[in-house]
file structure-v5.cif (mmCIF, C-alpha atoms (C1' of nucleotides))
data_protein
#
loop_
_atom_site.group_PDB
_atom_site.id
_atom_site.type_symbol
_atom_site.label_atom_id
_atom_site.label_comp_id
_atom_site.auth_asym_id
_atom_site.auth_seq_id
_atom_site.Cartn_x
_atom_site.Cartn_y
_atom_site.Cartn_z
ATOM 1 C CA MET I 1 15.817 39.735 -6.846
ATOM 2 C CA HIS I 2 13.554 38.267 -9.470
ATOM 3 C CA TYR I 3 13.628 34.788 -10.890
ATOM 4 C CA ILE I 4 13.123 34.335 -14.536
ATOM 5 C CA VAL I 5 13.943 30.689 -14.928
ATOM 6 C CA LEU I 6 13.060 28.624 -11.930
ATOM 7 C CA TYR I 7 14.081 25.006 -12.309
ATOM 8 C CA ASP I 8 12.501 23.088 -15.081
ATOM 9 C CA THR I 9 9.160 23.032 -13.349
ATOM 10 C CA LEU I 10 7.991 26.115 -15.155
ATOM 11 C CA LEU I 11 8.106 24.067 -18.290
ATOM 12 C CA VAL I 12 5.453 21.722 -16.995
ATOM 13 C CA MET I 13 2.967 24.282 -15.730
ATOM 14 C CA THR I 14 0.518 22.968 -18.291
ATOM 15 C CA ASP I 15 0.057 19.742 -16.345
ATOM 16 C CA THR I 16 -2.860 17.808 -17.705
ATOM 17 C CA ALA I 17 -5.231 17.581 -14.755
ATOM 18 C CA GLN I 18 -6.220 14.089 -13.740
ATOM 19 C CA ILE I 19 -9.257 12.784 -12.020
ATOM 20 C CA TYR I 20 -8.776 11.943 -8.370
ATOM 21 C CA ASN I 21 -10.299 8.717 -7.189
ATOM 22 C CA VAL I 22 -10.863 8.278 -3.475
ATOM 23 C CA GLU I 23 -11.315 4.560 -3.867
ATOM 24 C CA ASN I 24 -7.780 4.224 -5.092
ATOM 25 C CA THR I 25 -6.509 5.961 -1.984
ATOM 26 C CA GLN I 26 -8.673 3.755 0.184
ATOM 27 C CA SER I 27 -7.259 0.728 -1.575
ATOM 28 C CA GLN I 28 -3.714 1.978 -1.098
ATOM 29 C CA MET I 29 -4.503 2.672 2.539
ATOM 30 C CA ARG I 30 -4.929 -1.030 2.974
ATOM 31 C CA LYS I 31 -1.501 -1.878 1.566
ATOM 32 C CA GLY I 32 0.474 -3.932 4.005
ATOM 33 C CA PHE I 33 -2.017 -3.030 6.658
ATOM 34 C CA LEU I 34 -4.152 -6.049 5.809
ATOM 35 C CA GLU I 35 -1.665 -8.496 7.271
ATOM 36 C CA PHE I 36 -2.647 -7.201 10.653
ATOM 37 C CA PRO I 37 -6.393 -7.967 10.700
ATOM 38 C CA VAL I 38 -5.820 -11.268 8.914
ATOM 39 C CA LEU I 39 -3.329 -12.361 11.567
ATOM 40 C CA LEU I 40 -5.777 -11.213 14.224
ATOM 41 C CA ILE I 41 -8.523 -13.381 12.785
ATOM 42 C CA ILE I 42 -6.369 -16.463 12.327
ATOM 43 C CA GLY I 43 -4.923 -15.925 15.794
ATOM 44 C CA ALA I 44 -8.352 -16.225 17.359
ATOM 45 C CA LYS I 45 -8.985 -19.724 16.058
ATOM 46 C CA PRO I 46 -8.054 -21.977 13.095
ATOM 47 C CA THR I 47 -9.698 -20.645 9.966
ATOM 48 C CA TYR I 48 -9.626 -20.998 6.193
ATOM 49 C CA ALA I 49 -9.720 -18.424 3.455
ATOM 50 C CA PRO I 50 -13.442 -18.073 2.666
ATOM 51 C CA ASP I 51 -14.219 -17.773 6.365
ATOM 52 C CA ILE I 52 -11.559 -15.087 6.763
ATOM 53 C CA LEU I 53 -13.178 -13.194 3.914
ATOM 54 C CA LYS I 54 -16.522 -13.358 5.690
ATOM 55 C CA GLN I 55 -15.110 -12.096 8.959
ATOM 56 C CA LEU I 56 -13.299 -9.243 7.234
ATOM 57 C CA LYS I 57 -16.486 -8.294 5.462
ATOM 58 C CA LYS I 58 -18.353 -8.344 8.748
ATOM 59 C CA ALA I 59 -15.738 -5.930 10.090
ATOM 60 C CA ASN I 60 -16.294 -3.650 7.089
ATOM 61 C CA LEU I 61 -12.928 -4.485 5.571
ATOM 62 C CA LEU I 62 -13.694 -5.470 2.010
ATOM 63 C CA VAL I 63 -11.071 -7.844 0.694
ATOM 64 C CA VAL I 64 -11.278 -10.111 -2.307
ATOM 65 C CA GLU I 65 -9.884 -13.544 -3.093
ATOM 66 C CA GLY I 66 -7.165 -12.189 -5.332
ATOM 67 C CA THR I 67 -5.823 -10.244 -2.390
ATOM 68 C CA LEU I 68 -6.253 -12.741 0.414
ATOM 69 C CA TYR I 69 -4.729 -15.859 -1.109
ATOM 70 C CA PRO I 70 -1.404 -14.269 -2.010
ATOM 71 C CA LEU I 71 -1.382 -12.646 1.419
ATOM 72 C CA LEU I 72 -1.814 -16.021 3.098
ATOM 73 C CA SER I 73 0.973 -17.493 0.976
ATOM 74 C CA ARG I 74 3.161 -14.627 2.069
ATOM 75 C CA LEU I 75 2.417 -15.119 5.747
ATOM 76 C CA LYS I 76 3.134 -18.816 5.313
ATOM 77 C CA ARG I 77 6.385 -18.136 3.473
ATOM 78 C CA TYR I 78 7.513 -15.920 6.340
ATOM 79 C CA GLY I 79 6.582 -18.580 8.859
ATOM 80 C CA LEU I 80 3.956 -16.429 10.569
ATOM 81 C CA VAL I 81 1.181 -18.924 9.895
ATOM 82 C CA GLN I 82 0.941 -22.603 9.054
ATOM 83 C CA TYR I 83 -1.845 -24.812 7.818
ATOM 84 C CA VAL I 84 -3.148 -28.354 7.734
ATOM 85 C CA TRP I 85 -5.453 -29.766 5.119
ATOM 86 C CA GLN I 86 -8.899 -30.561 6.408
ATOM 87 C CA GLU I 87 -11.635 -32.362 4.545
ATOM 88 C CA SER I 88 -14.958 -30.638 4.080
ATOM 89 C CA THR I 89 -18.402 -32.184 4.070
ATOM 90 C CA GLY I 90 -19.231 -30.637 0.721
ATOM 91 C CA GLY I 91 -16.615 -29.353 -1.659
ATOM 92 C CA PRO I 92 -12.853 -29.573 -1.817
ATOM 93 C CA PRO I 93 -10.642 -29.769 1.281
ATOM 94 C CA ARG I 94 -9.621 -26.643 3.147
ATOM 95 C CA LYS I 95 -6.349 -25.191 4.305
ATOM 96 C CA MET I 96 -6.921 -24.532 7.998
ATOM 97 C CA TYR I 97 -4.532 -21.822 9.099
ATOM 98 C CA THR I 98 -3.109 -21.190 12.546
ATOM 99 C CA VAL I 99 -0.675 -18.541 13.767
ATOM 100 C CA THR I 100 2.809 -19.714 14.712
ATOM 101 C CA LYS I 101 4.859 -18.536 17.674
ATOM 102 C CA GLU I 102 6.702 -16.121 15.399
ATOM 103 C CA GLY I 103 3.366 -14.964 14.047
ATOM 104 C CA LYS I 104 2.168 -14.104 17.519
ATOM 105 C CA GLU I 105 5.257 -12.023 18.137
ATOM 106 C CA VAL I 106 4.739 -10.160 14.878
ATOM 107 C CA LEU I 107 1.079 -9.704 15.747
ATOM 108 C CA THR I 108 2.104 -7.963 18.951
ATOM 109 C CA GLN I 109 4.446 -5.676 17.052
ATOM 110 C CA LEU I 110 1.811 -4.859 14.457
ATOM 111 C CA GLU I 111 -0.626 -3.963 17.194
ATOM 112 C CA GLU I 112 1.959 -1.569 18.585
ATOM 113 C CA SER I 113 2.533 -0.096 15.131
ATOM 114 C CA TRP I 114 -1.138 0.380 14.636
ATOM 115 C CA LYS I 115 -1.628 2.087 17.984
ATOM 116 C CA SER I 116 1.285 4.385 17.251
ATOM 117 C CA LEU I 117 -0.076 5.286 13.836
ATOM 118 C CA ASP I 118 -3.512 5.824 15.289
ATOM 119 C CA ALA I 119 -2.159 8.117 17.978
ATOM 120 C CA SER I 120 -0.187 10.111 15.415
ATOM 121 C CA VAL I 121 -3.199 10.653 13.210
ATOM 122 C CA LYS I 122 -5.425 11.542 16.143
ATOM 123 C CA GLY I 123 -2.860 14.100 17.210
ATOM 124 C CA LEU I 124 -2.675 15.602 13.752
ATOM 125 C CA ILE I 125 -6.441 15.808 13.400
ATOM 126 C CA LYS I 126 -6.829 17.452 16.773
ATOM 127 C CA HIS I 127 -4.051 19.868 15.954
ATOM 128 C CA TYR I 128 -5.229 20.869 12.523
ATOM 129 C CA GLU I 129 -8.960 20.355 12.402
ATOM 130 C CA LYS I 130 -9.794 24.024 12.909
ATOM 131 C CA ASN I 131 -9.816 24.688 9.174
ATOM 132 C CA MET Q 1 -12.122 -40.374 0.884
ATOM 133 C CA HIS Q 2 -8.426 -39.641 0.840
ATOM 134 C CA TYR Q 3 -6.579 -37.217 -1.346
ATOM 135 C CA ILE Q 4 -3.361 -38.294 -2.886
ATOM 136 C CA VAL Q 5 -2.705 -35.437 -5.210
ATOM 137 C CA LEU Q 6 -4.029 -32.142 -4.004
ATOM 138 C CA TYR Q 7 -3.542 -29.390 -6.550
ATOM 139 C CA ASP Q 8 -0.004 -28.565 -7.391
ATOM 140 C CA THR Q 9 0.653 -27.145 -3.966
ATOM 141 C CA LEU Q 10 2.071 -30.387 -2.665
ATOM 142 C CA LEU Q 11 4.896 -29.880 -5.069
ATOM 143 C CA VAL Q 12 5.955 -26.692 -3.355
ATOM 144 C CA MET Q 13 5.844 -27.853 0.229
ATOM 145 C CA THR Q 14 9.586 -27.198 0.397
ATOM 146 C CA ASP Q 15 9.078 -23.464 0.362
ATOM 147 C CA THR Q 16 12.283 -21.668 1.137
ATOM 148 C CA ALA Q 17 11.530 -19.713 4.269
ATOM 149 C CA GLN Q 18 12.101 -15.991 4.068
ATOM 150 C CA ILE Q 19 12.911 -13.479 6.699
ATOM 151 C CA TYR Q 20 10.017 -11.308 7.745
ATOM 152 C CA ASN Q 21 10.718 -7.639 8.199
ATOM 153 C CA VAL Q 22 8.293 -5.597 10.264
ATOM 154 C CA GLU Q 23 9.657 -2.359 8.879
ATOM 155 C CA ASN Q 24 8.565 -3.330 5.425
ATOM 156 C CA THR Q 25 5.031 -3.852 6.661
ATOM 157 C CA GLN Q 26 5.131 -0.539 8.458
ATOM 158 C CA SER Q 27 6.284 1.076 5.251
ATOM 159 C CA GLN Q 28 3.484 -0.589 3.325
ATOM 160 C CA MET Q 29 1.029 0.492 6.006
ATOM 161 C CA ARG Q 30 1.745 4.030 4.961
ATOM 162 C CA LYS Q 31 0.859 3.417 1.319
ATOM 163 C CA GLY Q 32 -1.757 5.855 0.178
ATOM 164 C CA PHE Q 33 -2.421 6.714 3.756
ATOM 165 C CA LEU Q 34 0.189 9.486 3.695
ATOM 166 C CA GLU Q 35 -1.921 11.733 1.519
ATOM 167 C CA PHE Q 36 -4.188 12.214 4.471
ATOM 168 C CA PRO Q 37 -1.763 13.693 7.048
ATOM 169 C CA VAL Q 38 -0.052 15.755 4.354
ATOM 170 C CA LEU Q 39 -3.353 17.298 3.316
ATOM 171 C CA LEU Q 40 -4.144 17.892 6.975
ATOM 172 C CA ILE Q 41 -0.910 19.791 7.470
ATOM 173 C CA ILE Q 42 -1.215 21.874 4.329
ATOM 174 C CA GLY Q 43 -4.846 22.536 5.159
ATOM 175 C CA ALA Q 44 -3.912 24.168 8.433
ATOM 176 C CA LYS Q 45 -1.793 26.847 6.825
ATOM 177 C CA PRO Q 46 0.384 27.415 3.737
ATOM 178 C CA THR Q 47 3.509 25.296 3.987
ATOM 179 C CA TYR Q 48 6.430 24.041 1.933
ATOM 180 C CA ALA Q 49 8.037 20.643 1.710
ATOM 181 C CA PRO Q 50 10.812 20.795 4.317
ATOM 182 C CA ASP Q 51 8.383 22.196 6.854
ATOM 183 C CA ILE Q 52 5.897 19.441 6.118
ATOM 184 C CA LEU Q 53 8.657 16.926 6.716
ATOM 185 C CA LYS Q 54 9.370 18.503 10.101
ATOM 186 C CA GLN Q 55 5.742 18.446 11.148
ATOM 187 C CA LEU Q 56 5.347 14.826 10.091
ATOM 188 C CA LYS Q 57 8.451 13.913 12.031
ATOM 189 C CA LYS Q 58 7.097 15.698 15.084
ATOM 190 C CA ALA Q 59 3.955 13.576 14.748
ATOM 191 C CA ASN Q 60 6.109 10.418 14.626
ATOM 192 C CA LEU Q 61 5.366 9.863 10.947
ATOM 193 C CA LEU Q 62 8.740 9.376 9.352
ATOM 194 C CA VAL Q 63 8.649 10.404 5.729
ATOM 195 C CA VAL Q 64 11.538 11.196 3.449
ATOM 196 C CA GLU Q 65 12.040 13.621 0.593
ATOM 197 C CA GLY Q 66 11.812 10.927 -2.060
ATOM 198 C CA THR Q 67 8.318 10.136 -0.809
ATOM 199 C CA LEU Q 68 7.002 13.607 -0.158
ATOM 200 C CA TYR Q 69 7.922 15.398 -3.375
ATOM 201 C CA PRO Q 70 6.219 12.920 -5.713
ATOM 202 C CA LEU Q 71 3.245 12.936 -3.338
ATOM 203 C CA LEU Q 72 2.962 16.716 -3.562
ATOM 204 C CA SER Q 73 3.200 16.556 -7.351
ATOM 205 C CA ARG Q 74 0.407 14.028 -7.314
ATOM 206 C CA LEU Q 75 -1.852 16.136 -5.114
ATOM 207 C CA LYS Q 76 -1.164 19.087 -7.401
ATOM 208 C CA ARG Q 77 -1.888 17.043 -10.501
ATOM 209 C CA TYR Q 78 -5.231 16.031 -9.041
ATOM 210 C CA GLY Q 79 -6.035 19.618 -8.171
ATOM 211 C CA LEU Q 80 -6.186 18.967 -4.429
ATOM 212 C CA VAL Q 81 -3.445 21.471 -3.665
ATOM 213 C CA GLN Q 82 -1.884 24.440 -5.397
ATOM 214 C CA TYR Q 83 1.234 26.464 -4.766
ATOM 215 C CA VAL Q 84 2.813 29.851 -5.244
ATOM 216 C CA TRP Q 85 6.510 30.559 -5.341
ATOM 217 C CA GLN Q 86 7.763 32.481 -2.375
ATOM 218 C CA GLU Q 87 11.226 33.936 -1.898
ATOM 219 C CA SER Q 88 13.231 32.928 1.129
ATOM 220 C CA THR Q 89 15.633 35.064 3.147
ATOM 221 C CA GLY Q 90 18.397 32.528 2.716
ATOM 222 C CA GLY Q 91 18.376 29.866 0.051
ATOM 223 C CA PRO Q 92 16.274 29.161 -3.017
ATOM 224 C CA PRO Q 93 12.593 30.091 -3.262
ATOM 225 C CA ARG Q 94 9.909 27.827 -1.853
ATOM 226 C CA LYS Q 95 6.749 26.322 -3.196
ATOM 227 C CA MET Q 96 4.122 27.342 -0.664
ATOM 228 C CA TYR Q 97 1.255 24.892 -0.863
ATOM 229 C CA THR Q 98 -2.371 25.460 0.010
ATOM 230 C CA VAL Q 99 -5.366 23.126 -0.173
ATOM 231 C CA THR Q 100 -7.952 23.825 -2.848
ATOM 232 C CA LYS Q 101 -11.698 23.573 -2.469
ATOM 233 C CA GLU Q 102 -11.613 20.121 -4.025
ATOM 234 C CA GLY Q 103 -8.788 19.235 -1.651
ATOM 235 C CA LYS Q 104 -10.891 20.145 1.329
ATOM 236 C CA GLU Q 105 -13.687 17.915 0.131
ATOM 237 C CA VAL Q 106 -11.288 15.031 -0.305
ATOM 238 C CA LEU Q 107 -9.822 15.760 3.094
ATOM 239 C CA THR Q 108 -13.259 15.329 4.620
ATOM 240 C CA GLN Q 109 -13.707 12.025 2.835
ATOM 241 C CA LEU Q 110 -10.303 10.789 3.909
ATOM 242 C CA GLU Q 111 -11.094 11.645 7.485
ATOM 243 C CA GLU Q 112 -14.245 9.555 7.192
ATOM 244 C CA SER Q 113 -12.271 6.693 5.655
ATOM 245 C CA TRP Q 114 -9.751 6.840 8.425
ATOM 246 C CA LYS Q 115 -12.366 6.826 11.146
ATOM 247 C CA SER Q 116 -14.077 3.877 9.513
ATOM 248 C CA LEU Q 117 -10.829 1.945 9.239
ATOM 249 C CA ASP Q 118 -9.967 2.806 12.805
ATOM 250 C CA ALA Q 119 -13.336 1.609 14.055
ATOM 251 C CA SER Q 120 -12.993 -1.657 12.110
ATOM 252 C CA VAL Q 121 -9.581 -2.384 13.552
ATOM 253 C CA LYS Q 122 -10.635 -1.480 17.063
ATOM 254 C CA GLY Q 123 -13.581 -3.837 16.701
ATOM 255 C CA LEU Q 124 -11.367 -6.653 15.478
ATOM 256 C CA ILE Q 125 -8.851 -6.169 18.269
ATOM 257 C CA LYS Q 126 -11.530 -6.142 20.922
ATOM 258 C CA HIS Q 127 -13.120 -9.209 19.402
ATOM 259 C CA TYR Q 128 -9.998 -11.280 19.012
ATOM 260 C CA GLU Q 129 -7.511 -10.068 21.580
ATOM 261 C CA LYS Q 130 -8.176 -12.917 24.016
ATOM 262 C CA ASN Q 131 -5.468 -15.094 22.451
ATOM 263 C "C1'" DA X 1 -23.785 -41.253 -16.927
ATOM 264 C "C1'" DT X 2 -23.505 -36.392 -17.682
ATOM 265 C "C1'" DA X 3 -23.867 -31.780 -16.843
ATOM 266 C "C1'" DC X 4 -23.934 -28.093 -13.736
ATOM 267 C "C1'" DA X 5 -23.495 -25.290 -9.764
ATOM 268 C "C1'" DG X 6 -20.987 -24.476 -5.598
ATOM 269 C "C1'" DT X 7 -16.754 -24.444 -2.980
ATOM 270 C "C1'" DA X 8 -11.731 -23.870 -2.420
ATOM 271 C "C1'" DC X 9 -7.447 -22.793 -3.977
ATOM 272 C "C1'" DT X 10 -3.946 -20.930 -7.661
ATOM 273 C "C1'" DA X 11 -1.696 -18.005 -11.160
ATOM 274 C "C1'" DT X 12 -0.797 -13.937 -14.120
ATOM 275 C "C1'" DG X 13 -0.596 -9.247 -15.238
ATOM 276 C "C1'" DT X 14 -1.366 -4.287 -14.097
ATOM 277 C "C1'" DA X 15 -1.248 -0.104 -11.404
ATOM 278 C "C1'" DA X 16 0.093 2.493 -7.498
ATOM 279 C "C1'" DT X 17 3.270 4.021 -4.084
ATOM 280 C "C1'" DG X 18 7.149 4.186 -0.596
ATOM 281 C "C1'" DC X 19 11.947 4.683 -0.603
ATOM 282 C "C1'" DA X 20 16.954 4.871 -1.689
ATOM 283 C "C1'" DA X 21 20.107 7.264 -4.277
ATOM 284 C "C1'" DG X 22 21.719 10.679 -7.118
ATOM 285 C "C1'" DG X 23 21.078 15.177 -9.291
ATOM 286 C "C1'" DT X 24 20.076 20.301 -10.269
ATOM 287 C "C1'" DA X 25 19.550 24.955 -8.786
ATOM 288 C "C1'" DC X 26 19.740 28.965 -5.769
ATOM 289 C "C1'" DC X 27 21.729 31.656 -1.840
ATOM 290 C "C1'" DT X 28 25.137 33.342 1.667
ATOM 291 C "C1'" DA X 29 29.546 33.525 3.718
ATOM 292 C "C1'" DT X 30 34.335 32.861 3.484
ATOM 293 C "C1'" DA K 1 36.017 31.166 -6.575
ATOM 294 C "C1'" DT K 2 34.559 27.851 -3.380
ATOM 295 C "C1'" DA K 3 31.981 25.583 0.148
ATOM 296 C "C1'" DG K 4 27.957 24.568 2.640
ATOM 297 C "C1'" DG K 5 23.191 24.932 3.357
ATOM 298 C "C1'" DT K 6 18.529 24.965 1.451
ATOM 299 C "C1'" DA K 7 14.901 23.513 -1.787
ATOM 300 C "C1'" DC K 8 13.260 20.858 -5.315
ATOM 301 C "C1'" DC K 9 13.280 16.920 -8.821
ATOM 302 C "C1'" DT K 10 14.046 12.245 -11.066
ATOM 303 C "C1'" DT K 11 14.999 7.336 -11.762
ATOM 304 C "C1'" DG K 12 14.691 2.659 -10.603
ATOM 305 C "C1'" DC K 13 13.374 -1.004 -7.481
ATOM 306 C "C1'" DA K 14 10.340 -3.681 -4.407
ATOM 307 C "C1'" DT K 15 5.987 -4.489 -2.646
ATOM 308 C "C1'" DT K 16 1.162 -5.125 -2.654
ATOM 309 C "C1'" DA K 17 -3.984 -4.721 -3.903
ATOM 310 C "C1'" DC K 18 -6.910 -6.114 -7.367
ATOM 311 C "C1'" DA K 19 -9.081 -7.915 -11.667
ATOM 312 C "C1'" DT K 20 -9.309 -11.847 -14.231
ATOM 313 C "C1'" DA K 21 -8.951 -16.405 -15.545
ATOM 314 C "C1'" DG K 22 -8.067 -21.086 -14.409
ATOM 315 C "C1'" DT K 23 -7.804 -25.800 -11.885
ATOM 316 C "C1'" DA K 24 -9.761 -29.184 -8.830
ATOM 317 C "C1'" DC K 25 -13.072 -31.473 -5.937
ATOM 318 C "C1'" DT K 26 -18.110 -32.417 -4.395
ATOM 319 C "C1'" DG K 27 -23.052 -33.117 -4.562
ATOM 320 C "C1'" DT K 28 -27.349 -32.771 -7.179
ATOM 321 C "C1'" DA K 29 -30.447 -32.555 -10.952
ATOM 322 C "C1'" DT K 30 -31.255 -34.089 -15.543
#
call {"tool": "encode", "arguments": {"input": "structure-v5.cif", "output": "structure tokens"}}
result
Amino acid sequence: MHYIVLYDTLLVMTDTAQIYNVENTQSQMRKGFLEFPVLLIIGAKPTYAPDILKQLKKANLLVVEGTLYPLLSRLKRYGLVQYVWQESTGGPPRKMYTVTKEGKEVLTQLEESWKSLDASVKGLIKHYEKN
Amino acid sequence: MHYIVLYDTLLVMTDTAQIYNVENTQSQMRKGFLEFPVLLIIGAKPTYAPDILKQLKKANLLVVEGTLYPLLSRLKRYGLVQYVWQESTGGPPRKMYTVTKEGKEVLTQLEESWKSLDASVKGLIKHYEKN
DNA sequence: ATACAGTACTATGTAATGCAAGGTACCTAT
DNA sequence: ATAGGTACCTTGCATTACATAGTACTGTAT
């Protein structure tokens, strides 16, 4: 049997091609994921935003202010971290963040999630990389 | 020196706590990332959507129709995959997807990105896991 | 004093994507 | 005809990364 009209998709065969941007995908790859390394860093010892940025950068995870501050507010709102104000020798005071008990539990779960995801991807690569 | 008024943040100290949901983070972790395993699967051999879903499920990557179909459209729009209609013994015809030359190049880049991300996270975990 | 640079935190708007939910279309068997 | 299975598509919502602009505090040079 032959199909003459096949859904409406035939009508959009003249898709205007778009330019693919790897950086966008890399950015999207970080969505939600970032909570994990940030919690890791704060969990190690009390820290404040600019220092977190430095540590992320050192770990090759480029994050900017506009991403980190809302993320910290979110973690605070969910009770995963807390902070105390601390005066600085030069410049305005800092919000020193620490991970709460709930935060540590979530951190454990996120580590599990990450390991699971990592294992899945490794499996897929091994299975399909002969192309 | 002591600070009496510290930005406007003092005014919102009574944040209403919200419930944190790990599943949401796991869902966000997949953002953008999904293109990678889907390209891997299609790259191995021509496939169609329901089969891709099965393979992802087998790899412990739970994805649903409402996520996969728009993703495939996107990959097509960017010229990373293409498809041909293929009749099925029972049921409607299938869109059999294959990876284009451009798609293979992107696939290589995504694999690099993933390895880099993986290495960063592993480094962070090793560095901070003594908490 | 005043201006300026540096540090720290905040707020707004945009784009991208995962997902739930509902829908259309084709095929076979009853 | 009708029902059930298969395959594909669409709409609307929630979330989050990021660019950009802004506020506030401190020390230093003019």
call {"tool": "residues_around", "arguments": {"input": "structure-v5.cif", "residues": "DG6 in chain X", "least_positions_apart": "2", "cutoff": "10 Å", "atoms": "all atoms listed in the file", "output": "list in words"}}
result
Gly90 and Gly91 of chain I; DC4 and DA8 of chain X; DT26 and DG27 of chain K
call {"tool": "closest_residue", "arguments": {"input": "structure-v5.cif", "among": "Q:Thr47, Q:Thr67, Q:Thr98, Q:Asn24", "to": "DA20 in chain X", "atoms": "all atoms listed in the file"}}
result
Q:Thr67
call {"tool": "closest_atom_pairs", "arguments": {"input": "structure-v5.cif", "of": "chain K", "to": "chain Q", "cutoff": "9 Å", "atoms": "only C-alpha atoms (C1' of nucleotides)", "output": "tab-separated table"}}
result
residue	atom	partner	partner_atom	distance
K:DG5	C1'	Q:Gly91	CA	7.6
K:DT6	C1'	Q:Gly91	CA	5.1
K:DA7	C1'	Q:Pro92	CA	5.9
K:DC8	C1'	Q:Tyr69	CA	7.9
K:DC9	C1'	Q:Tyr69	CA	7.8
K:DT15	C1'	Q:Gln28	CA	7.6
K:DT16	C1'	Q:Gln28	CA	7.9
K:DT23	C1'	Q:Tyr7	CA	7.7
K:DA24	C1'	Q:Tyr7	CA	6.6
call {"tool": "interface_residues", "arguments": {"input": "structure-v5.cif", "of": "chain I", "to": "chain Q", "cutoff": "8 Å", "atoms": "all atoms listed in the file", "output": "PyMOL selection string"}}
result
chain I and resi 15-20+22+25-33+37+40-41+43-44+59-61+77-79+106+109-110+113+117-118+120-121+123-125+128-131
call {"tool": "closest_atom_pairs", "arguments": {"input": "structure-v5.cif", "of": "chain X", "to": "chain Q", "cutoff": "10 Å", "atoms": "all atoms listed in the file", "output": "CSV"}}
result
residue,atom,partner,partner_atom,distance
X:DC9,C1',Q:Tyr7,CA,8.1
X:DT10,C1',Q:Tyr7,CA,8.5
X:DA16,C1',Q:Gly32,CA,8.6
X:DT17,C1',Q:Lys31,CA,5.9
X:DG18,C1',Q:Thr67,CA,6.1
X:DC19,C1',Q:Gly66,CA,6.4
X:DA20,C1',Q:Gly66,CA,8.0
X:DA21,C1',Q:Gly66,CA,9.3
X:DA25,C1',Q:Pro92,CA,7.9
X:DC26,C1',Q:Pro92,CA,4.4
X:DC27,C1',Q:Gly91,CA,4.2
X:DT28,C1',Q:Gly90,CA,6.9
call {"tool": "atom_distance", "arguments": {"input": "structure-v5.cif", "atom1": "C1' of DA3 in chain K", "atom2": "CA of Lys57 in chain Q"}}
result
28.8 Å
call {"tool": "atom_distance", "arguments": {"input": "structure-v5.cif", "atom1": "CA of Val99 in chain I", "atom2": "CA of Gln82 in chain I"}}
result
6.4 Å
call {"tool": "atom_distance", "arguments": {"input": "structure-v5.cif", "atom1": "C1' of DG22 in chain K", "atom2": "CA of Ser73 in chain I"}}
result
18.2 Å
